[in-house]
file work_19.txt (compact mmCIF, C-alpha atoms and all ligand atoms)
# COMPACT_ATOMS: atom_id res chain seq x y z
CA MET W 1 19.99 8.97 -9.00
CA THR W 2 23.11 11.01 -9.57
CA PRO W 3 23.42 12.70 -12.99
CA ALA W 4 26.22 10.24 -13.88
CA CYS W 5 24.00 7.27 -12.99
CA GLU W 6 21.14 8.75 -15.01
CA ARG W 7 23.38 9.10 -18.06
CA ALA W 8 24.57 5.53 -17.65
CA ALA W 9 20.98 4.27 -17.34
CA LEU W 10 19.97 6.11 -20.50
CA ARG W 11 22.83 4.58 -22.46
CA TYR W 12 21.82 1.17 -21.20
CA LEU W 13 18.29 1.63 -22.53
CA HIS W 14 19.50 2.74 -25.95
CA TRP W 15 21.92 0.04 -26.90
CA PRO W 16 23.92 0.26 -30.15
CA ALA W 17 22.36 -1.88 -32.88
CA HIS W 18 25.35 -4.24 -32.88
CA ALA W 19 25.58 -5.68 -29.38
CA PRO W 20 28.95 -5.63 -27.60
CA SER W 21 30.81 -8.86 -28.11
CA ARG W 22 33.24 -8.86 -25.22
CA GLU W 23 32.71 -8.38 -21.53
CA SER W 24 35.06 -5.40 -21.57
CA ASP W 25 32.83 -3.72 -24.21
CA LEU W 26 29.84 -4.39 -22.02
CA ILE W 27 31.45 -2.80 -19.01
CA SER W 28 32.49 0.25 -20.99
CA MET W 29 28.84 0.65 -22.10
CA HIS W 30 27.83 1.15 -18.51
CA THR W 31 30.71 3.24 -17.33
CA SER W 32 32.09 5.33 -20.17
CA SER W 33 30.96 8.93 -20.06
CA SER W 34 30.41 9.41 -23.80
CA ARG W 35 27.12 8.24 -25.32
CA PRO W 36 27.51 6.04 -28.38
CA SER W 37 26.44 8.18 -31.31
CA GLY W 38 26.71 8.65 -35.06
CA PRO W 39 25.99 6.23 -37.87
CA ALA W 40 28.52 3.70 -36.55
CA HIS W 41 26.22 3.18 -33.52
CA PRO W 42 22.60 3.52 -34.65
CA GLU W 43 20.57 3.30 -31.43
CA ARG W 44 17.69 0.97 -30.84
CA SER W 45 15.55 0.52 -27.77
CA LEU W 46 16.28 -2.36 -25.47
CA PHE W 47 12.63 -2.61 -24.50
CA ARG W 48 10.47 -5.37 -25.94
CA PRO W 49 8.69 -3.93 -28.99
CA ASP W 50 5.36 -4.54 -27.19
CA ILE W 51 6.44 -2.05 -24.54
CA ASP W 52 7.71 0.55 -26.99
CA ARG W 53 4.50 0.30 -28.99
CA ILE W 54 2.09 1.23 -26.19
CA GLU W 55 1.43 4.40 -24.23
CA GLY W 56 0.83 2.64 -20.91
CA TYR W 57 -2.19 3.08 -18.67
CA THR W 58 -2.83 6.60 -17.38
CA PRO W 59 -4.51 6.64 -13.97
CA GLY W 60 -6.87 9.46 -12.93
CA GLU W 61 -5.37 12.68 -11.59
CA GLN W 62 -4.20 12.50 -7.97
CA PRO W 63 -3.56 16.07 -6.77
CA GLN W 64 -1.34 15.85 -3.72
CA GLU W 65 -2.42 19.14 -2.16
CA THR W 66 -5.64 19.48 -0.16
CA GLY W 67 -8.62 21.70 -0.99
CA TRP W 68 -10.01 19.65 -3.86
CA ILE W 69 -13.42 18.07 -4.10
CA LYS W 70 -12.11 14.85 -5.56
CA LEU W 71 -14.72 12.88 -7.44
CA ASN W 72 -12.59 11.36 -10.19
CA THR W 73 -11.20 7.98 -9.12
CA ASN W 74 -14.05 6.31 -7.24
CA GLU W 75 -12.47 6.38 -3.81
CA ASN W 76 -14.68 6.14 -0.74
CA PRO W 77 -15.15 9.56 0.91
CA TYR W 78 -15.43 8.00 4.38
CA PRO W 79 -12.55 6.71 6.50
CA PRO W 80 -12.00 2.98 6.98
CA SER W 81 -13.09 1.16 10.14
CA PRO W 82 -11.30 2.47 13.26
CA ALA W 83 -10.17 -1.13 13.76
CA VAL W 84 -7.90 -0.69 10.72
CA ARG W 85 -5.94 2.09 12.39
CA SER W 86 -5.41 0.06 15.57
CA ALA W 87 -4.40 -3.02 13.59
CA VAL W 88 -1.86 -1.12 11.50
CA ILE W 89 -0.36 0.58 14.57
CA LEU W 90 -0.10 -2.79 16.27
CA ALA W 91 1.57 -4.22 13.18
CA THR W 92 4.17 -1.40 13.13
CA GLU W 93 5.05 -2.33 16.68
CA GLY W 94 5.52 -5.94 15.63
CA ARG W 95 8.14 -7.63 13.53
CA LEU W 96 8.57 -5.47 10.45
CA ASN W 97 12.07 -6.89 10.02
CA ILE W 98 10.72 -10.24 8.86
CA TYR W 99 8.82 -11.04 5.67
CA PRO W 100 5.03 -11.26 5.79
CA ASP W 101 3.12 -14.54 5.50
CA PRO W 102 3.50 -15.34 1.77
CA LEU W 103 0.16 -17.19 1.81
CA ALA W 104 -1.74 -14.49 3.75
CA THR W 105 -3.31 -17.33 5.75
CA ALA W 106 -5.28 -15.24 8.24
CA PHE W 107 -6.80 -13.04 5.56
CA ARG W 108 -7.69 -15.96 3.29
CA LYS W 109 -9.57 -17.62 6.15
CA LYS W 110 -11.67 -14.49 6.76
CA ALA W 111 -12.44 -13.86 3.08
CA ALA W 112 -13.27 -17.52 2.52
CA ALA W 113 -15.71 -17.55 5.45
CA LEU W 114 -17.42 -14.44 4.08
CA PHE W 115 -18.00 -16.05 0.69
CA GLY W 116 -18.69 -19.59 1.95
CA VAL W 117 -15.67 -21.21 0.29
CA ASP W 118 -12.47 -22.84 1.58
CA PRO W 119 -9.36 -20.67 2.08
CA ASP W 120 -7.61 -22.33 -0.86
CA TRP W 121 -10.09 -20.53 -3.14
CA VAL W 122 -8.58 -17.12 -2.24
CA LEU W 123 -5.50 -15.29 -3.53
CA PRO W 124 -4.77 -11.81 -2.11
CA GLY W 125 -3.07 -9.18 -4.25
CA ASN W 126 -1.50 -5.74 -4.04
CA GLY W 127 -4.76 -4.15 -5.20
CA SER W 128 -7.14 -6.04 -7.48
CA ASP W 129 -5.21 -4.60 -10.43
CA GLU W 130 -2.36 -6.89 -9.40
CA CYS W 131 -4.74 -9.86 -9.51
CA LEU W 132 -5.74 -8.85 -13.06
CA THR W 133 -2.06 -8.68 -14.03
CA LEU W 134 -1.30 -12.10 -12.52
CA ILE W 135 -4.27 -13.64 -14.32
CA THR W 136 -3.20 -12.23 -17.68
CA ARG W 137 0.37 -13.43 -17.20
CA ALA W 138 -0.75 -16.87 -16.09
CA PHE W 139 -3.33 -17.62 -18.78
CA VAL W 140 -2.66 -15.87 -22.07
CA ASP W 141 0.05 -16.93 -24.49
CA ARG W 142 1.17 -15.44 -27.82
CA GLY W 143 -1.56 -15.75 -30.43
CA GLU W 144 -4.35 -16.15 -27.86
CA LEU W 145 -7.21 -13.70 -27.51
CA VAL W 146 -8.24 -11.42 -24.62
CA THR W 147 -11.67 -9.76 -24.78
CA PHE W 148 -13.50 -7.19 -22.66
CA PRO W 149 -16.58 -4.99 -22.99
CA TYR W 150 -16.15 -1.55 -24.51
CA PRO W 151 -16.63 1.11 -23.19
CA SER W 152 -15.24 -0.28 -19.98
CA TYR W 153 -12.12 -0.38 -17.78
CA ILE W 154 -9.22 0.54 -20.06
CA LEU W 155 -6.63 -1.38 -18.05
CA TYR W 156 -7.76 -4.72 -19.57
CA GLU W 157 -6.55 -3.60 -22.98
CA THR W 158 -3.26 -2.36 -21.53
CA LEU W 159 -2.66 -5.69 -19.78
CA ALA W 160 -3.19 -7.58 -23.04
CA ASP W 161 -0.81 -5.19 -24.82
CA LEU W 162 1.83 -5.67 -22.12
CA GLN W 163 1.52 -9.42 -22.50
CA GLY W 164 1.89 -9.00 -26.27
CA VAL W 165 -1.32 -10.90 -27.05
CA ARG W 166 -4.29 -10.29 -29.31
CA HIS W 167 -7.29 -8.47 -27.92
CA ASP W 168 -10.71 -7.49 -29.13
CA ARG W 169 -13.51 -5.36 -27.78
CA LEU W 170 -16.96 -6.69 -26.99
CA LEU W 171 -18.80 -3.61 -28.22
CA LEU W 172 -21.71 -2.69 -25.97
CA ASN W 173 -24.94 -1.21 -27.28
CA ALA W 174 -25.55 2.50 -26.66
CA ASP W 175 -27.73 1.57 -23.65
CA TRP W 176 -24.88 -0.57 -22.19
CA SER W 177 -26.60 -3.85 -23.03
CA TRP W 178 -24.93 -6.77 -24.84
CA ASN W 179 -25.35 -7.53 -28.50
CA ARG W 180 -25.35 -11.31 -28.30
CA ASP W 181 -24.73 -11.89 -32.02
CA ARG W 182 -21.72 -9.59 -32.02
CA THR W 183 -20.32 -10.84 -28.74
CA ARG W 184 -20.76 -14.61 -28.93
CA PRO W 185 -18.21 -15.40 -31.68
CA LEU W 186 -15.54 -13.39 -29.87
CA VAL W 187 -16.29 -15.00 -26.50
CA GLU W 188 -16.01 -18.42 -28.13
CA ARG W 189 -12.48 -17.62 -29.30
CA SER W 190 -11.37 -15.95 -26.05
CA LYS W 191 -8.72 -17.40 -23.79
CA LEU W 192 -9.55 -14.72 -21.26
CA ALA W 193 -12.59 -12.45 -21.01
CA PHE W 194 -12.62 -9.59 -18.49
CA VAL W 195 -16.05 -8.33 -17.42
CA PRO W 196 -16.52 -5.75 -14.66
CA ASN W 197 -19.87 -6.04 -12.94
CA PRO W 198 -21.02 -3.32 -12.21
CA ASN W 199 -19.36 -1.84 -15.28
CA SER W 200 -17.24 1.31 -15.32
CA PRO W 201 -17.79 4.03 -16.48
CA SER W 202 -21.52 3.31 -16.82
CA GLY W 203 -22.23 1.88 -13.35
CA ASN W 204 -24.87 -0.54 -14.65
CA ALA W 205 -24.88 -4.19 -13.55
CA TRP W 206 -25.62 -7.18 -15.78
CA THR W 207 -27.71 -10.16 -14.72
CA ARG W 208 -26.28 -13.50 -13.65
CA HIS W 209 -27.65 -15.04 -16.86
CA GLU W 210 -25.92 -12.41 -19.03
CA ILE W 211 -22.66 -13.01 -17.17
CA GLU W 212 -22.82 -16.79 -17.52
CA GLU W 213 -23.18 -16.38 -21.30
CA LEU W 214 -19.80 -14.64 -21.29
CA ILE W 215 -17.81 -17.60 -19.94
CA PRO W 216 -15.48 -18.62 -22.79
CA PRO W 217 -16.00 -22.32 -23.62
CA ALA W 218 -12.23 -22.81 -23.85
CA GLY W 219 -11.00 -20.03 -21.58
CA MET W 220 -11.51 -18.11 -18.36
CA LEU W 221 -13.94 -15.36 -17.40
CA VAL W 222 -12.65 -12.77 -14.96
CA LEU W 223 -15.58 -11.23 -13.17
CA ASP W 224 -14.19 -7.96 -11.84
CA GLY W 225 -16.27 -7.06 -8.80
CA ALA W 226 -14.44 -3.86 -7.85
CA TYR W 227 -17.84 -2.17 -7.32
CA ALA W 228 -19.93 -5.22 -6.41
CA ASP W 229 -20.56 -4.12 -2.81
CA PHE W 230 -22.52 -1.09 -4.06
CA ALA W 231 -24.98 -3.16 -6.10
CA ASP W 232 -28.54 -3.86 -4.91
CA ASN W 233 -27.77 -7.58 -4.97
CA PRO W 234 -24.05 -7.85 -4.23
CA ASP W 235 -22.52 -10.82 -6.02
CA GLY W 236 -21.79 -13.49 -3.42
CA GLY W 237 -19.74 -15.58 -5.83
CA ASP W 238 -22.60 -17.95 -6.71
CA VAL W 239 -21.32 -18.36 -10.25
CA LEU W 240 -18.26 -20.14 -8.84
CA ARG W 241 -20.54 -22.90 -7.62
CA THR W 242 -22.07 -23.59 -11.05
CA GLN W 243 -20.83 -26.24 -13.47
CA ALA W 244 -18.88 -23.71 -15.52
CA GLY W 245 -17.62 -22.09 -12.31
CA ALA W 246 -14.20 -23.69 -12.66
CA ARG W 247 -13.61 -21.28 -15.56
CA VAL W 248 -14.52 -18.16 -13.58
CA ILE W 249 -12.29 -15.96 -11.44
CA LEU W 250 -13.83 -13.29 -9.22
CA THR W 251 -11.78 -10.27 -8.22
CA ARG W 252 -12.55 -7.87 -5.38
CA THR W 253 -10.90 -4.71 -4.11
CA PHE W 254 -10.53 -2.99 -0.75
CA SER W 255 -10.08 0.36 -2.51
CA LYS W 256 -13.77 1.22 -2.79
CA SER W 257 -16.30 -0.17 -0.30
CA TYR W 258 -13.64 -0.70 2.42
CA SER W 259 -12.11 2.82 2.05
CA LEU W 260 -8.57 1.49 1.64
CA ALA W 261 -7.43 2.78 -1.77
CA GLY W 262 -4.21 4.07 -0.19
CA VAL W 263 -3.34 0.66 1.20
CA ARG W 264 -3.50 -1.34 -2.06
CA PHE W 265 -5.26 -4.59 -1.36
CA GLY W 266 -7.55 -6.86 -3.33
CA PHE W 267 -8.08 -10.55 -3.89
CA ALA W 268 -9.04 -13.14 -6.47
CA MET W 269 -11.36 -16.03 -5.78
CA ALA W 270 -11.52 -19.18 -7.92
CA HIS W 271 -11.29 -22.97 -7.90
CA PRO W 272 -8.21 -24.12 -5.91
CA ASP W 273 -6.55 -25.45 -9.11
CA VAL W 274 -6.74 -21.95 -10.58
CA ILE W 275 -5.44 -20.33 -7.40
CA ARG W 276 -2.55 -22.81 -7.28
CA GLY W 277 -1.48 -21.79 -10.80
CA LEU W 278 -1.79 -18.07 -10.06
CA ARG W 279 0.36 -18.49 -6.96
CA LYS W 280 3.27 -19.59 -9.14
CA VAL W 281 3.15 -16.25 -10.93
CA LYS W 282 2.90 -13.89 -7.98
CA ASP W 283 5.77 -12.39 -6.02
CA SER W 284 6.33 -14.43 -2.87
CA TYR W 285 5.50 -11.43 -0.69
CA ASN W 286 3.07 -9.48 -2.86
CA CYS W 287 1.10 -8.22 0.17
CA ASN W 288 2.96 -6.54 2.96
CA THR W 289 2.61 -6.84 6.72
CA LEU W 290 0.80 -3.50 7.04
CA SER W 291 -1.66 -4.02 4.19
CA LEU W 292 -2.45 -7.51 5.46
CA ALA W 293 -3.16 -6.13 8.93
CA ALA W 294 -5.36 -3.40 7.46
CA ALA W 295 -7.31 -5.76 5.21
CA LEU W 296 -7.87 -8.27 7.98
CA ALA W 297 -9.30 -5.61 10.30
CA ALA W 298 -11.42 -4.10 7.51
CA ILE W 299 -12.99 -7.36 6.39
CA ASP W 300 -13.75 -8.16 10.01
CA ASP W 301 -15.84 -4.99 10.37
CA GLN W 302 -18.61 -5.67 7.87
CA ASP W 303 -21.00 -3.36 9.75
CA TRP W 304 -18.71 -0.37 9.15
CA MET W 305 -18.32 -1.15 5.46
CA ARG W 306 -22.06 -1.72 4.95
CA ALA W 307 -22.95 1.52 6.78
CA ASN W 308 -20.64 3.51 4.48
CA VAL W 309 -22.01 1.75 1.41
CA GLU W 310 -25.55 2.63 2.50
CA LYS W 311 -24.64 6.31 2.98
CA ILE W 312 -23.03 6.35 -0.47
CA CYS W 313 -26.05 4.69 -2.09
CA GLY W 314 -28.32 7.31 -0.48
CA THR W 315 -26.17 10.15 -1.80
CA ARG W 316 -26.01 8.42 -5.19
CA ALA W 317 -29.81 8.51 -5.50
CA ARG W 318 -29.86 12.25 -4.67
CA LEU W 319 -26.99 12.97 -7.08
CA ILE W 320 -28.71 11.11 -9.93
CA GLN W 321 -31.96 12.98 -9.34
CA ALA W 322 -30.21 16.36 -9.19
CA LEU W 323 -28.17 15.71 -12.34
CA ARG W 324 -31.28 14.65 -14.22
CA GLY W 325 -32.90 17.87 -12.98
CA GLU W 326 -30.04 19.76 -14.66
CA GLY W 327 -30.81 18.01 -17.95
CA PHE W 328 -28.17 15.27 -17.84
CA HIS W 329 -28.85 11.75 -18.92
CA VAL W 330 -27.65 9.52 -16.05
CA VAL W 331 -27.41 5.73 -16.11
CA ASP W 332 -29.07 3.99 -13.13
CA SER W 333 -25.90 3.23 -11.20
CA GLN W 334 -25.15 0.15 -9.11
CA ALA W 335 -21.68 1.47 -8.25
CA ASN W 336 -20.15 4.36 -6.26
CA PHE W 337 -20.09 6.64 -9.30
CA VAL W 338 -22.48 7.82 -11.98
CA TRP W 339 -22.11 8.30 -15.74
CA ALA W 340 -23.62 11.60 -16.84
CA THR W 341 -23.99 12.84 -20.40
CA GLN W 342 -25.73 15.69 -22.17
CA SER W 343 -27.13 15.31 -25.66
CA GLU W 344 -25.51 18.60 -26.69
CA GLY W 345 -22.05 17.34 -25.54
CA GLY W 346 -19.56 19.84 -24.12
CA HIS W 347 -18.42 17.34 -21.48
CA ARG W 348 -14.75 18.20 -21.71
CA GLU W 349 -15.52 21.90 -21.15
CA ILE W 350 -17.68 21.12 -18.14
CA TYR W 351 -14.89 18.97 -16.71
CA GLN W 352 -12.38 21.80 -17.23
CA ARG W 353 -14.61 24.50 -15.71
CA LEU W 354 -15.22 22.32 -12.66
CA LYS W 355 -11.49 21.71 -12.39
CA ASP W 356 -10.91 25.48 -12.48
CA ARG W 357 -13.09 25.53 -9.34
CA LYS W 358 -11.00 22.74 -7.73
CA ILE W 359 -13.60 20.08 -8.36
CA LEU W 360 -12.30 16.98 -10.10
CA VAL W 361 -14.56 14.64 -12.01
CA ARG W 362 -13.40 12.24 -14.74
CA TYR W 363 -13.88 13.20 -18.36
CA MET W 364 -13.82 10.02 -20.43
CA ARG W 365 -13.84 9.53 -24.17
CA PHE W 366 -14.20 6.20 -25.96
CA PRO W 367 -13.72 6.40 -29.73
CA ASP W 368 -14.85 3.54 -32.00
CA ALA W 369 -17.70 2.32 -29.82
CA ALA W 370 -20.52 0.31 -31.45
CA ASP W 371 -21.49 1.56 -34.94
CA GLY W 372 -18.38 3.76 -35.00
CA ALA W 373 -19.82 6.11 -32.38
CA VAL W 374 -17.70 8.19 -30.04
CA VAL W 375 -18.94 7.82 -26.47
CA ASP W 376 -17.91 10.56 -24.08
CA GLY W 377 -19.17 11.90 -20.79
CA LEU W 378 -18.46 12.59 -17.15
CA ARG W 379 -17.86 9.84 -14.61
CA ILE W 380 -18.58 11.33 -11.20
CA THR W 381 -17.66 9.53 -7.98
CA VAL W 382 -20.30 9.69 -5.24
CA GLY W 383 -18.71 11.71 -2.44
CA THR W 384 -20.20 12.88 0.85
CA ASP W 385 -23.46 14.84 0.75
CA GLU W 386 -21.39 17.99 1.29
CA GLU W 387 -19.01 17.25 -1.60
CA VAL W 388 -21.89 16.43 -3.89
CA GLY W 389 -23.62 19.67 -2.81
CA GLY W 390 -20.43 21.56 -3.76
CA LEU W 391 -20.34 19.84 -7.13
CA LEU W 392 -24.00 20.58 -7.87
CA SER W 393 -23.78 24.28 -7.06
CA ALA W 394 -20.59 24.62 -9.16
CA LEU W 395 -22.31 22.76 -11.97
CA LYS W 396 -25.20 25.25 -11.91
CA GLU W 397 -22.69 28.11 -12.40
CA VAL W 398 -20.83 26.25 -15.13
CA LEU W 399 -24.00 25.41 -17.05
CA ALA W 400 -25.51 28.91 -16.70
N1 LIG W 501 -11.48 -2.85 -11.68
C1 LIG W 501 -12.15 -1.74 -11.98
C2 LIG W 501 -13.34 -1.82 -12.89
C3 LIG W 501 -11.74 -0.51 -11.46
O1 LIG W 501 -12.38 0.62 -11.79
C4 LIG W 501 -10.61 -0.46 -10.60
C5 LIG W 501 -10.17 0.84 -10.01
N2 LIG W 501 -9.50 1.66 -10.89
C6 LIG W 501 -9.94 -1.65 -10.32
C7 LIG W 501 -10.41 -2.84 -10.86
C8 LIG W 501 -8.68 -1.70 -9.51
O2 LIG W 501 -8.82 -1.46 -8.18
P1 LIG W 501 -7.61 -1.65 -7.18
O3 LIG W 501 -6.37 -2.02 -7.95
O4 LIG W 501 -7.48 -0.35 -6.48
O5 LIG W 501 -7.99 -2.78 -6.28
call {"tool": "encode", "arguments": {"input": "work_19.txt", "output": "C-alpha cells", "more": "lines below"}}
Ligand code: PMP
result
Amino acid sequence: MTPACERAALRYLHWPAHAPSRESDLISMHTSSSRPSGPAHPERSLFRPDIDRIEGYTPGEQPQETGWIKLNTNENPYPPSPAVRSAVILATEGRLNIYPDPLATAFRKKAAALFGVDPDWVLPGNGSDECLTLITRAFVDRGELVTFPYPSYILYETLADLQGVRHDRLLLNADWSWNRDRTRPLVERSKLAFVPNPNSPSGNAWTRHEIEELIPPAGMLVLDGAYADFADNPDGGDVLRTQAGARVILTRTFSKSYSLAGVRFGFAMAHPDVIRGLRKVKDSYNCNTLSLAAALAAIDDQDWMRANVEKICGTRARLIQALRGEGFHVVDSQANFVWATQSEGGHREIYQRLKDRKILVRYMRFPDAADGAVVDGLRITVGTDEEVGGLLSALKEVLA
C-alpha cells in the first residue's frame, strides 16, 4: 500500500459519527487528504462492536529463521510422504489458470473410503480451523449458546465472539475429567458444543461414552479430532453411525499426523444434510489446486503417516518418562504433545530460559478454571528424538 492509500484506508475505518449523506461526501471521504477531526467529526469505528470488543486469536510463535528447536505448535517433525511432493509438482505443471474442483470430488472419495462413509459425508476445508469457522457461522444465531471444555483450544471462544453469540465454558476438573453435574445443564442449552478429543493442552482422550453424553439434545457436537491419529484407539467416526450421530460433526486436520501444516488442509465429516448446509457457507473454492493435490497424495499413503505417528508415539513415551524424572507432572498423552507442570510453578520462566537457548515450547495460562483456579504449564510438542534430546539437556541446565 502506498502511504496515501494507507491514510485513505485509515479514514475509511474511522468514519465520522454522522454518516455522509451525499455521494459526493462519500467520495471525498476516500480521497481527501485531510483526516476528519475535531468535535464536529467525533470518530467511531466502522467495525461491528463484536470485532472491536475482542483481541482476536493469537497463534503460537512462528520464527521464520532456522536454528530453532520448535516444539510449540504441534507440527509433525517429519516430512510428508514423498508422494506429496510429486503430486504438487505435477499439479504446478497442470492447469493453474483454472479454478479447482469446488466439491473436491477426488479427495472426498478417498476420505470417505477411509472412514467407511459415502463421499457426501465429507467437506474439505482450508485447515480444520476453517471447518470450525464454517460450522459456527452455519449453526449459531444471536442469543444461542456455544460451549467448549476449559482449559482447551482457545479458538472456540474466539469463533463464538466473532459470531457475536453467547458462550460458556465446560469447566474440567483438575485431572481433566468431566464434572457431569456442572456440564450437563450447559450442554442441554447448547446450540453448538466443541470438544477436542484428544484435548489440548492436556493431551488426554475421553471415552466414547463420555463424548456421547456431550451431544446437545437440541444442537450439534463438533468432535475436533485434530490429534485423533496419535491416540491408542484412533476415532474411526463410529459415533456418526449412532442414533444421535446426525447431531455430530467430526473434524480432522492434515497439519499434524500428515505433516502438512504449511499446506492448510482439513475436513469435516457429518450426515449429508449437515454437509449440504455447510457447503452453502463456504467459499466456492476454499481449497486450492495445490493443497488438494497434496492432501490426496497424503491420504493415499497411510503407511507413511502411520510410520511417522509410531515414531512420534515412541518419542512421546521417552519424553514423558524423562520429564517425570526431572520432577514434572505429565499427563498421559494421546496426542503429539505433552502437558508438563511443576507443583512449584515457574513455568513462564522455564519457557523464557528455553527460548533464550532457541528452544520454543508453549507456555499456556488459563485463568478462572474450575474452583477459580489458575491452570498454567508447558505444552511441549513431541519432536524428533534429537530435538527432544536437545530440549531435555537444556531443561537440565535451566532447572539447575
Ligand atoms: N483443533 C485443535 C484442537 C488444534 O490444536 C488445532 C491446531 N492449532 C486445530 C484444530 C487446527 O488445525 P488446522 O487448522 O491446522 O487444521
call {"tool": "closest_residue", "arguments": {"input": "work_19.txt", "among": "W:Val281, W:Ala295, W:Leu214, W:Leu192", "to": "W:Lys110", "atoms": "only C-alpha atoms"}}
result
W:Ala295
call {"tool": "atom_distance", "arguments": {"input": "work_19.txt", "atom1": "atom CA of W:Ala160", "atom2": "atom CA of W:Gly143"}}
result
11.1 Å
call {"tool": "residues_around", "arguments": {"input": "work_19.txt", "residues": "stretch 271-274 of chain W", "least_positions_apart": "5", "cutoff": "8 Å", "atoms": "all atoms listed in the file", "output": "ChimeraX atom specification"}}
result
/W:120-122,240,245-246,249
call {"tool": "write_last_selection", "arguments": {"input": "work_19.txt", "atoms": "C-alpha atoms", "output": "PDB file, keeping the file's coordinate frame"}}
result
ATOM      1  CA  ASP W 120      -7.610 -22.330  -0.860  1.00  0.00           C
ATOM      2  CA  TRP W 121     -10.090 -20.530  -3.140  1.00  0.00           C
ATOM      3  CA  VAL W 122      -8.580 -17.120  -2.240  1.00  0.00           C
ATOM      4  CA  LEU W 240     -18.260 -20.140  -8.840  1.00  0.00           C
ATOM      5  CA  GLY W 245     -17.620 -22.090 -12.310  1.00  0.00           C
ATOM      6  CA  ALA W 246     -14.200 -23.690 -12.660  1.00  0.00           C
ATOM      7  CA  ILE W 249     -12.290 -15.960 -11.440  1.00  0.00           C
TER       8      ILE W 249
END
call {"tool": "residues_near_ligand", "arguments": {"input": "work_19.txt", "ligand": "ligand LIG 501 (chain W)", "cutoff": "6 Å", "atoms": "all atoms listed in the file", "output": "PyMOL selection string"}}
result
chain W and resi 127-129+153+196+200+224+226+253+255+261+265-266
call {"tool": "residues_around", "arguments": {"input": "work_19.txt", "residues": "W:Asp161", "least_positions_apart": "6", "cutoff": "10 Å", "atoms": "only C-alpha atoms", "output": "ChimeraX atom specification"}}
result
/W:50-51,53-56,146,155,167
call {"tool": "atom_distance", "arguments": {"input": "work_19.txt", "atom1": "atom CA of W:Ala91", "atom2": "atom CA of W:Ala298"}}
result
14.2 Å
call {"tool": "axis_aligned_box", "arguments": {"input": "work_19.txt", "around": "stretch 286-295 of chain W", "padding_each_side": "3 Å", "output": "JSON"}}
result
{"center_x": -2.1, "center_y": -6.4, "center_z": 3.0, "size_x": 16.4, "size_y": 12.1, "size_z": 17.8}
call {"tool": "atom_distance", "arguments": {"input": "work_19.txt", "atom1": "atom CA of W:Pro149", "atom2": "atom CA of W:Gln342"}}
result
22.6 Å
call {"tool": "residues_around", "arguments": {"input": "work_19.txt", "residues": "W:Leu378", "least_positions_apart": "6", "cutoff": "6 Å", "atoms": "all atoms listed in the file", "output": "ChimeraX atom specification"}}
result
/W:339-340,362-363
call {"tool": "closest_residue", "arguments": {"input": "work_19.txt", "among": "W:Ala231, W:Glu144, W:Glu387, W:Lys282", "to": "W:Gln334", "atoms": "only C-alpha atoms"}}
result
W:Ala231
call {"tool": "closest_residue", "arguments": {"input": "work_19.txt", "among": "W:Arg241, W:Arg318, W:Lys358, W:Lys280", "to": "W:Glu65", "atoms": "only C-alpha atoms"}}
result
W:Lys358
call {"tool": "closest_residue", "arguments": {"input": "work_19.txt", "among": "W:Ile320, W:Ala228, W:Ala373, W:Val187", "to": "W:Asp332", "atoms": "all atoms listed in the file"}}
result
W:Ile320
call {"tool": "closest_residue", "arguments": {"input": "work_19.txt", "among": "W:Asp235, W:Asp168, W:Thr207, W:Leu292", "to": "W:Phe115", "atoms": "only C-alpha atoms"}}
result
W:Asp235
call {"tool": "closest_residue", "arguments": {"input": "work_19.txt", "among": "W:Asn286, W:Ala322, W:Gln64, W:Ser333", "to": "W:Ser393", "atoms": "all atoms listed in the file"}}
result
W:Ala322
call {"tool": "residues_around", "arguments": {"input": "work_19.txt", "residues": "stretch 57-63 of chain W", "least_positions_apart": "3", "cutoff": "8 Å", "atoms": "all atoms listed in the file", "output": "list in words"}}
result
Thr66, Trp68, Asn72, Thr73, Ile154, Leu155, Thr158 and Arg362 of chain W
call {"tool": "residues_around", "arguments": {"input": "work_19.txt", "residues": "stretch 94-109 of chain W", "least_positions_apart": "4", "cutoff": "6 Å", "atoms": "all atoms listed in the file", "output": "PyMOL selection string"}}
result
chain W and resi 119+122+284-285+288-289+296
call {"tool": "write_last_selection", "arguments": {"input": "work_19.txt", "atoms": "C-alpha atoms", "output": "PDB file, in the coordinates of the input"}}
result
ATOM      1  CA  PRO W 119      -9.360 -20.670   2.080  1.00  0.00           C
ATOM      2  CA  VAL W 122      -8.580 -17.120  -2.240  1.00  0.00           C
ATOM      3  CA  SER W 284       6.330 -14.430  -2.870  1.00  0.00           C
ATOM      4  CA  TYR W 285       5.500 -11.430  -0.690  1.00  0.00           C
ATOM      5  CA  ASN W 288       2.960  -6.540   2.960  1.00  0.00           C
ATOM      6  CA  THR W 289       2.610  -6.840   6.720  1.00  0.00           C
ATOM      7  CA  LEU W 296      -7.870  -8.270   7.980  1.00  0.00           C
TER       8      LEU W 296
END
call {"tool": "closest_atom_pairs", "arguments": {"input": "work_19.txt", "of": "stretch 73-192 of chain W", "to": "stretch 306-316 of chain W", "cutoff": "12 Å", "atoms": "all atoms listed in the file", "output": "tab-separated table"}}
result
residue	atom	partner	partner_atom	distance
W:Asn74	CA	W:Ile312	CA	11.2
W:Glu75	CA	W:Ile312	CA	11.1
W:Asn76	CA	W:Asn308	CA	8.3
W:Pro77	CA	W:Ile312	CA	8.6
W:Tyr78	CA	W:Asn308	CA	6.9
W:Pro79	CA	W:Asn308	CA	8.9
W:Pro80	CA	W:Asn308	CA	9.0
W:Ser81	CA	W:Asn308	CA	9.7
call {"tool": "write_last_selection", "arguments": {"input": "work_19.txt", "atoms": "C-alpha atoms", "output": "PDB file, in the frame of the given file"}}
result
ATOM      1  CA  ASN W  74     -14.050   6.310  -7.240  1.00  0.00           C
ATOM      2  CA  GLU W  75     -12.470   6.380  -3.810  1.00  0.00           C
ATOM      3  CA  ASN W  76     -14.680   6.140  -0.740  1.00  0.00           C
ATOM      4  CA  PRO W  77     -15.150   9.560   0.910  1.00  0.00           C
ATOM      5  CA  TYR W  78     -15.430   8.000   4.380  1.00  0.00           C
ATOM      6  CA  PRO W  79     -12.550   6.710   6.500  1.00  0.00           C
ATOM      7  CA  PRO W  80     -12.000   2.980   6.980  1.00  0.00           C
ATOM      8  CA  SER W  81     -13.090   1.160  10.140  1.00  0.00           C
TER       9      SER W  81
END
